[in-house]
>>> print(open('coords_15.pdb').read())   # PDB, C-alpha atoms
ATOM      1  CA  MET Z  10     -16.722   1.951 -58.816
ATOM      2  CA  LYS Z  11     -15.067  -1.491 -58.767
ATOM      3  CA  LYS Z  12     -11.855   0.018 -57.422
ATOM      4  CA  THR Z  13     -13.731   1.835 -54.669
ATOM      5  CA  THR Z  14     -15.613  -1.307 -53.687
ATOM      6  CA  LEU Z  15     -12.412  -3.352 -53.724
ATOM      7  CA  PHE Z  16     -10.674  -0.691 -51.618
ATOM      8  CA  LEU Z  17     -13.501  -0.666 -49.041
ATOM      9  CA  ILE Z  18     -13.542  -4.462 -48.839
ATOM     10  CA  SER Z  19      -9.766  -4.465 -48.386
ATOM     11  CA  LEU Z  20     -10.019  -1.930 -45.568
ATOM     12  CA  THR Z  21     -12.762  -3.962 -43.910
ATOM     13  CA  LEU Z  22     -10.750  -7.162 -44.131
ATOM     14  CA  LEU Z  23      -7.652  -5.393 -42.859
ATOM     15  CA  GLY Z  24      -9.604  -4.009 -39.928
ATOM     16  CA  CYS Z  25     -10.999  -7.452 -39.104
ATOM     17  CA  SER Z  26      -7.644  -9.165 -39.323
ATOM     18  CA  THR Z  27      -5.902  -6.705 -37.019
ATOM     19  CA  THR Z  28      -5.864  -8.034 -33.489
ATOM     20  CA  SER Z  29      -5.004  -5.855 -30.577
ATOM     21  CA  LYS Z  30      -1.548  -6.571 -29.249
ATOM     22  CA  LEU Z  31      -1.475  -7.697 -25.653
ATOM     23  CA  ASP Z  32       0.401  -5.543 -23.178
ATOM     24  CA  ALA Z  33       2.613  -7.740 -20.995
ATOM     25  CA  ASN Z  34       2.588  -5.119 -18.220
ATOM     26  CA  VAL Z  35      -1.205  -5.081 -18.092
ATOM     27  CA  GLU Z  36      -1.387  -8.873 -18.114
ATOM     28  CA  PHE Z  37       1.255  -9.054 -15.371
ATOM     29  CA  GLU Z  38      -0.834  -6.722 -13.190
ATOM     30  CA  ARG Z  39      -3.898  -8.907 -13.742
ATOM     31  CA  LEU Z  40      -1.926 -12.002 -12.747
ATOM     32  CA  TYR Z  41      -0.339 -10.261  -9.753
ATOM     33  CA  ILE Z  42      -3.769  -9.287  -8.441
ATOM     34  CA  ALA Z  43      -5.312 -12.693  -9.207
ATOM     35  CA  LEU Z  44      -2.560 -14.478  -7.256
ATOM     36  CA  GLY Z  45      -2.978 -12.140  -4.283
ATOM     37  CA  MET Z  46       0.722 -11.331  -4.338
ATOM     38  CA  GLU Z  47       0.299  -8.056  -2.431
ATOM     39  CA  GLU Z  48      -1.182  -9.951   0.524
ATOM     40  CA  ILE Z  49       1.386 -12.726   0.266
ATOM     41  CA  LEU Z  50       4.319 -10.305   0.255
ATOM     42  CA  SER Z  51       2.776  -8.259   3.088
ATOM     43  CA  SER Z  52       2.688 -11.363   5.266
ATOM     44  CA  PHE Z  53       6.502 -11.655   5.252
ATOM     45  CA  GLY Z  54       8.644  -9.910   7.816
ATOM     46  CA  GLY Z  55       8.832  -9.784  11.593
ATOM     47  CA  GLU Z  56      10.267 -12.572  13.702
ATOM     48  CA  ILE Z  57      10.690 -15.934  12.050
ATOM     49  CA  ASN Z  58      12.139 -19.292  13.068
ATOM     50  CA  ILE Z  59      15.160 -20.364  11.081
ATOM     51  CA  SER Z  60      17.001 -23.639  11.379
ATOM     52  CA  PRO Z  61      20.731 -22.811  11.479
ATOM     53  CA  GLU Z  62      21.452 -26.267  10.005
ATOM     54  CA  LYS Z  63      19.354 -25.484   6.945
ATOM     55  CA  LEU Z  64      20.519 -21.892   6.697
ATOM     56  CA  PHE Z  65      24.226 -22.767   6.689
ATOM     57  CA  SER Z  66      24.235 -26.367   5.413
ATOM     58  CA  GLU Z  67      25.848 -25.534   2.086
ATOM     59  CA  THR Z  68      28.317 -23.036   3.551
ATOM     60  CA  LEU Z  69      29.434 -25.434   6.268
ATOM     61  CA  SER Z  70      29.555 -28.554   4.123
ATOM     62  CA  GLY Z  71      33.359 -28.672   4.091
ATOM     63  CA  TRP Z  72      33.806 -28.069   7.837
ATOM     64  CA  PRO Z  73      34.667 -30.807  10.325
ATOM     65  CA  GLU Z  74      31.591 -32.021  12.249
ATOM     66  CA  ASP Z  75      32.751 -30.684  15.650
ATOM     67  CA  GLN Z  76      33.361 -27.169  14.256
ATOM     68  CA  LYS Z  77      30.023 -27.273  12.442
ATOM     69  CA  ARG Z  78      28.221 -28.205  15.660
ATOM     70  CA  ILE Z  79      29.918 -25.431  17.678
ATOM     71  CA  PHE Z  80      29.077 -22.845  15.040
ATOM     72  CA  ILE Z  81      25.459 -23.980  14.694
ATOM     73  CA  GLU Z  82      24.905 -24.090  18.450
ATOM     74  CA  SER Z  83      26.167 -20.520  18.728
ATOM     75  CA  MET Z  84      23.511 -19.274  16.290
ATOM     76  CA  PRO Z  85      20.213 -17.974  17.658
ATOM     77  CA  SER Z  86      17.192 -20.018  16.595
ATOM     78  CA  LYS Z  87      15.169 -16.864  15.928
ATOM     79  CA  VAL Z  88      16.252 -14.079  13.639
ATOM     80  CA  MET Z  89      14.649 -10.658  13.319
ATOM     81  CA  THR Z  90      13.991  -9.705   9.743
ATOM     82  CA  ASP Z  91      13.192  -6.303   8.341
ATOM     83  CA  PRO Z  92       9.739  -5.900   6.872
ATOM     84  CA  ILE Z  93       9.862  -6.816   3.211
ATOM     85  CA  ASN Z  94      10.010  -4.002   0.679
ATOM     86  CA  ILE Z  95       6.867  -4.931  -1.248
ATOM     87  CA  ASN Z  96       7.636  -2.625  -4.160
ATOM     88  CA  ALA Z  97      11.122  -4.058  -4.609
ATOM     89  CA  ALA Z  98       9.777  -7.608  -4.341
ATOM     90  CA  LYS Z  99       7.125  -6.826  -6.959
ATOM     91  CA  VAL Z 100       9.773  -5.491  -9.352
ATOM     92  CA  VAL Z 101      11.840  -8.670  -8.968
ATOM     93  CA  PHE Z 102       8.726 -10.849  -9.387
ATOM     94  CA  LYS Z 103       7.649  -8.892 -12.462
ATOM     95  CA  THR Z 104      11.105  -8.901 -14.045
ATOM     96  CA  LYS Z 105      11.386 -12.661 -13.638
ATOM     97  CA  LEU Z 106       7.882 -13.415 -14.946
ATOM     98  CA  LEU Z 107       8.292 -11.103 -17.932
ATOM     99  CA  SER Z 108      11.535 -12.869 -18.796
ATOM    100  CA  LEU Z 109       9.846 -16.286 -18.670
ATOM    101  CA  LEU Z 110       6.354 -15.650 -20.079
ATOM    102  CA  THR Z 111       4.972 -13.890 -23.136
ATOM    103  CA  ALA Z 112       2.090 -11.434 -22.918
ATOM    104  CA  GLU Z 113      -0.213 -14.168 -24.233
ATOM    105  CA  GLU Z 114       0.985 -16.625 -21.570
ATOM    106  CA  LEU Z 115       0.528 -13.995 -18.865
ATOM    107  CA  LYS Z 116      -3.012 -13.397 -20.124
ATOM    108  CA  ILE Z 117      -3.816 -17.113 -20.004
ATOM    109  CA  ALA Z 118      -2.381 -17.379 -16.482
ATOM    110  CA  ALA Z 119      -4.273 -14.276 -15.319
ATOM    111  CA  ASP Z 120      -7.496 -15.646 -16.808
ATOM    112  CA  PHE Z 121      -6.942 -18.990 -15.075
ATOM    113  CA  TYR Z 122      -5.968 -17.622 -11.671
ATOM    114  CA  SER Z 123      -8.829 -15.115 -11.729
ATOM    115  CA  LYS Z 124     -11.209 -18.053 -11.374
ATOM    116  CA  ASN Z 125     -11.839 -20.003  -8.169
ATOM    117  CA  ILE Z 126     -10.509 -23.228  -9.685
ATOM    118  CA  GLY Z 127      -7.261 -21.472 -10.580
ATOM    119  CA  LEU Z 128      -6.724 -20.226  -7.041
ATOM    120  CA  LYS Z 129      -7.699 -23.616  -5.626
ATOM    121  CA  ALA Z 130      -5.157 -25.325  -7.890
ATOM    122  CA  HIS Z 131      -2.494 -22.752  -6.979
ATOM    123  CA  ARG Z 132      -3.015 -23.271  -3.236
ATOM    124  CA  ALA Z 133      -3.076 -27.058  -3.668
ATOM    125  CA  ILE Z 134       0.248 -26.969  -5.520
ATOM    126  CA  ILE Z 135       1.837 -24.819  -2.805
ATOM    127  CA  GLU Z 136       0.555 -27.143  -0.060
ATOM    128  CA  ALA Z 137       1.830 -30.171  -1.981
ATOM    129  CA  GLU Z 138       5.273 -28.564  -2.380
ATOM    130  CA  VAL Z 139       5.376 -27.808   1.351
ATOM    131  CA  ALA Z 140       4.385 -31.397   2.133
ATOM    132  CA  VAL Z 141       7.149 -32.737  -0.129
ATOM    133  CA  SER Z 142       9.693 -30.374   1.416
ATOM    134  CA  GLU Z 143       8.689 -31.384   4.940
ATOM    135  CA  SER Z 144       8.813 -35.084   4.098
ATOM    136  CA  LEU Z 145      12.357 -34.704   2.735
ATOM    137  CA  ASP Z 146      13.646 -32.967   5.879
TER     138      ASP Z 146
END
>>> encode(input="coords_15.pdb", output="structure tokens")
Amino acid sequence: MKKTTLFLISLTLLGCSTTSKLDANVEFERLYIALGMEEILSSFGGEINISPEKLFSETLSGWPEDQKRIFIESMPSKVMTDPININAAKVVFKTKLLSLLTAEELKIAADFYSKNIGLKAHRAIIEAEVAVSESLD
């Protein structure tokens, strides 16, 4: 009887101590949806304005100024881009996030960004980064 009771208590404790393992793929999907990535990626594509100076600044860094100017002036200021392949972009996004974050970290991020304050913070950070980038131009 003591052995049976001890065995049942052990099974109960074992069952209580077992935590379900988080699935990184599931947590990624939750985060992806919470961030609104589908909508963000869908918004890319079409005609966009590109500054040739910014686009080629690194490539042209060793050129003489007069050659740089001639090349840049020959570039169109608008470039047609193909619509973004959302599925391919999602795979790249997922691969990178899964290499940087654990399933637990993805869960925490998904929980945070699923709330209004998380999205508000996310948008504020993006706007702040844009402001910094514009001020440095």
>>> resolve_selection(input="coords_15.pdb", expression="the PyMOL selection byres ((chain Z and resi 42) around 12)", output="ChimeraX atom specification")
/Z:35-41,43-50,99,118-120,122-124,128
>>> residues_around(input="coords_15.pdb", residues="Z:Thr111", least_positions_apart="3", cutoff="12 Å", atoms="only C-alpha atoms", output="PyMOL selection string")
chain Z and resi 30-37+105-108+114-118
>>> atom_distance(input="coords_15.pdb", atom1="atom CA of Z:Ala130", atom2="atom CA of Z:Glu113")
20.4 Å
>>> atom_distance(input="coords_15.pdb", atom1="atom CA of Z:Ser52", atom2="atom CA of Z:Val100")
17.3 Å
>>> atom_distance(input="coords_15.pdb", atom1="atom CA of Z:His131", atom2="atom CA of Z:Asn96")
22.7 Å
>>> build_atoms(input="coords_15.pdb", residues="stretch 91-115 of chain Z", atoms="N, CA, C and O atoms", output="compact mmCIF listing (two decimals), in the frame of the given file")
# COMPACT_ATOMS: atom_id res chain seq x y z
N ASP Z 91 13.84 -7.57 8.66
CA ASP Z 91 13.19 -6.30 8.34
C ASP Z 91 11.93 -6.57 7.55
O ASP Z 91 11.86 -7.55 6.80
N PRO Z 92 10.93 -5.72 7.70
CA PRO Z 92 9.74 -5.90 6.87
C PRO Z 92 10.14 -5.86 5.40
O PRO Z 92 11.02 -5.12 5.00
N ILE Z 93 9.50 -6.71 4.62
CA ILE Z 93 9.86 -6.82 3.21
C ILE Z 93 9.48 -5.54 2.46
O ILE Z 93 8.46 -4.93 2.75
N ASN Z 94 10.32 -5.13 1.55
CA ASN Z 94 10.01 -4.00 0.68
C ASN Z 94 9.13 -4.55 -0.45
O ASN Z 94 9.62 -5.16 -1.39
N ILE Z 95 7.83 -4.35 -0.31
CA ILE Z 95 6.87 -4.93 -1.25
C ILE Z 95 7.10 -4.44 -2.67
O ILE Z 95 7.01 -5.21 -3.62
N ASN Z 96 7.41 -3.17 -2.82
CA ASN Z 96 7.64 -2.62 -4.16
C ASN Z 96 8.85 -3.26 -4.82
O ASN Z 96 8.81 -3.62 -6.00
N ALA Z 97 9.91 -3.43 -4.06
CA ALA Z 97 11.12 -4.06 -4.61
C ALA Z 97 10.85 -5.52 -4.95
O ALA Z 97 11.27 -6.02 -6.00
N ALA Z 98 10.11 -6.21 -4.08
CA ALA Z 98 9.78 -7.61 -4.34
C ALA Z 98 8.92 -7.73 -5.60
O ALA Z 98 9.11 -8.65 -6.40
N LYS Z 99 7.99 -6.79 -5.77
CA LYS Z 99 7.12 -6.83 -6.96
C LYS Z 99 7.95 -6.62 -8.23
O LYS Z 99 7.71 -7.29 -9.24
N VAL Z 100 8.92 -5.74 -8.18
CA VAL Z 100 9.77 -5.49 -9.35
C VAL Z 100 10.55 -6.76 -9.71
O VAL Z 100 10.63 -7.13 -10.88
N VAL Z 101 11.09 -7.44 -8.72
CA VAL Z 101 11.84 -8.67 -8.97
C VAL Z 101 10.90 -9.73 -9.54
O VAL Z 101 11.23 -10.40 -10.53
N PHE Z 102 9.72 -9.88 -8.93
CA PHE Z 102 8.73 -10.85 -9.39
C PHE Z 102 8.32 -10.56 -10.83
O PHE Z 102 8.29 -11.46 -11.67
N LYS Z 103 8.07 -9.29 -11.11
CA LYS Z 103 7.65 -8.89 -12.46
C LYS Z 103 8.76 -9.13 -13.48
O LYS Z 103 8.52 -9.68 -14.56
N THR Z 104 9.97 -8.73 -13.14
CA THR Z 104 11.10 -8.90 -14.04
C THR Z 104 11.29 -10.37 -14.40
O THR Z 104 11.49 -10.73 -15.57
N LYS Z 105 11.20 -11.23 -13.40
CA LYS Z 105 11.39 -12.66 -13.64
C LYS Z 105 10.26 -13.22 -14.49
O LYS Z 105 10.51 -13.95 -15.46
N LEU Z 106 9.01 -12.89 -14.16
CA LEU Z 106 7.88 -13.42 -14.95
C LEU Z 106 7.91 -12.92 -16.38
O LEU Z 106 7.66 -13.68 -17.31
N LEU Z 107 8.24 -11.64 -16.57
CA LEU Z 107 8.29 -11.10 -17.93
C LEU Z 107 9.42 -11.72 -18.75
O LEU Z 107 9.35 -11.77 -19.97
N SER Z 108 10.45 -12.21 -18.06
CA SER Z 108 11.54 -12.87 -18.80
C SER Z 108 11.18 -14.32 -19.15
O SER Z 108 11.80 -14.90 -20.04
N LEU Z 109 10.20 -14.88 -18.45
CA LEU Z 109 9.85 -16.29 -18.67
C LEU Z 109 8.57 -16.49 -19.47
O LEU Z 109 8.39 -17.55 -20.08
N LEU Z 110 7.66 -15.50 -19.44
CA LEU Z 110 6.35 -15.65 -20.08
C LEU Z 110 6.08 -14.54 -21.08
O LEU Z 110 6.46 -13.39 -20.86
N THR Z 111 5.40 -14.90 -22.15
CA THR Z 111 4.97 -13.89 -23.14
C THR Z 111 3.72 -13.21 -22.63
O THR Z 111 3.09 -13.67 -21.66
N ALA Z 112 3.32 -12.13 -23.29
CA ALA Z 112 2.09 -11.43 -22.92
C ALA Z 112 0.89 -12.38 -23.03
O ALA Z 112 0.01 -12.36 -22.16
N GLU Z 113 0.88 -13.20 -24.06
CA GLU Z 113 -0.21 -14.17 -24.23
C GLU Z 113 -0.25 -15.18 -23.08
O GLU Z 113 -1.31 -15.51 -22.56
N GLU Z 114 0.92 -15.67 -22.68
CA GLU Z 114 0.98 -16.62 -21.57
C GLU Z 114 0.56 -15.97 -20.25
O GLU Z 114 -0.13 -16.60 -19.44
N LEU Z 115 0.96 -14.72 -20.05
CA LEU Z 115 0.53 -14.00 -18.86
C LEU Z 115 -0.99 -13.83 -18.85
O LEU Z 115 -1.63 -13.96 -17.81
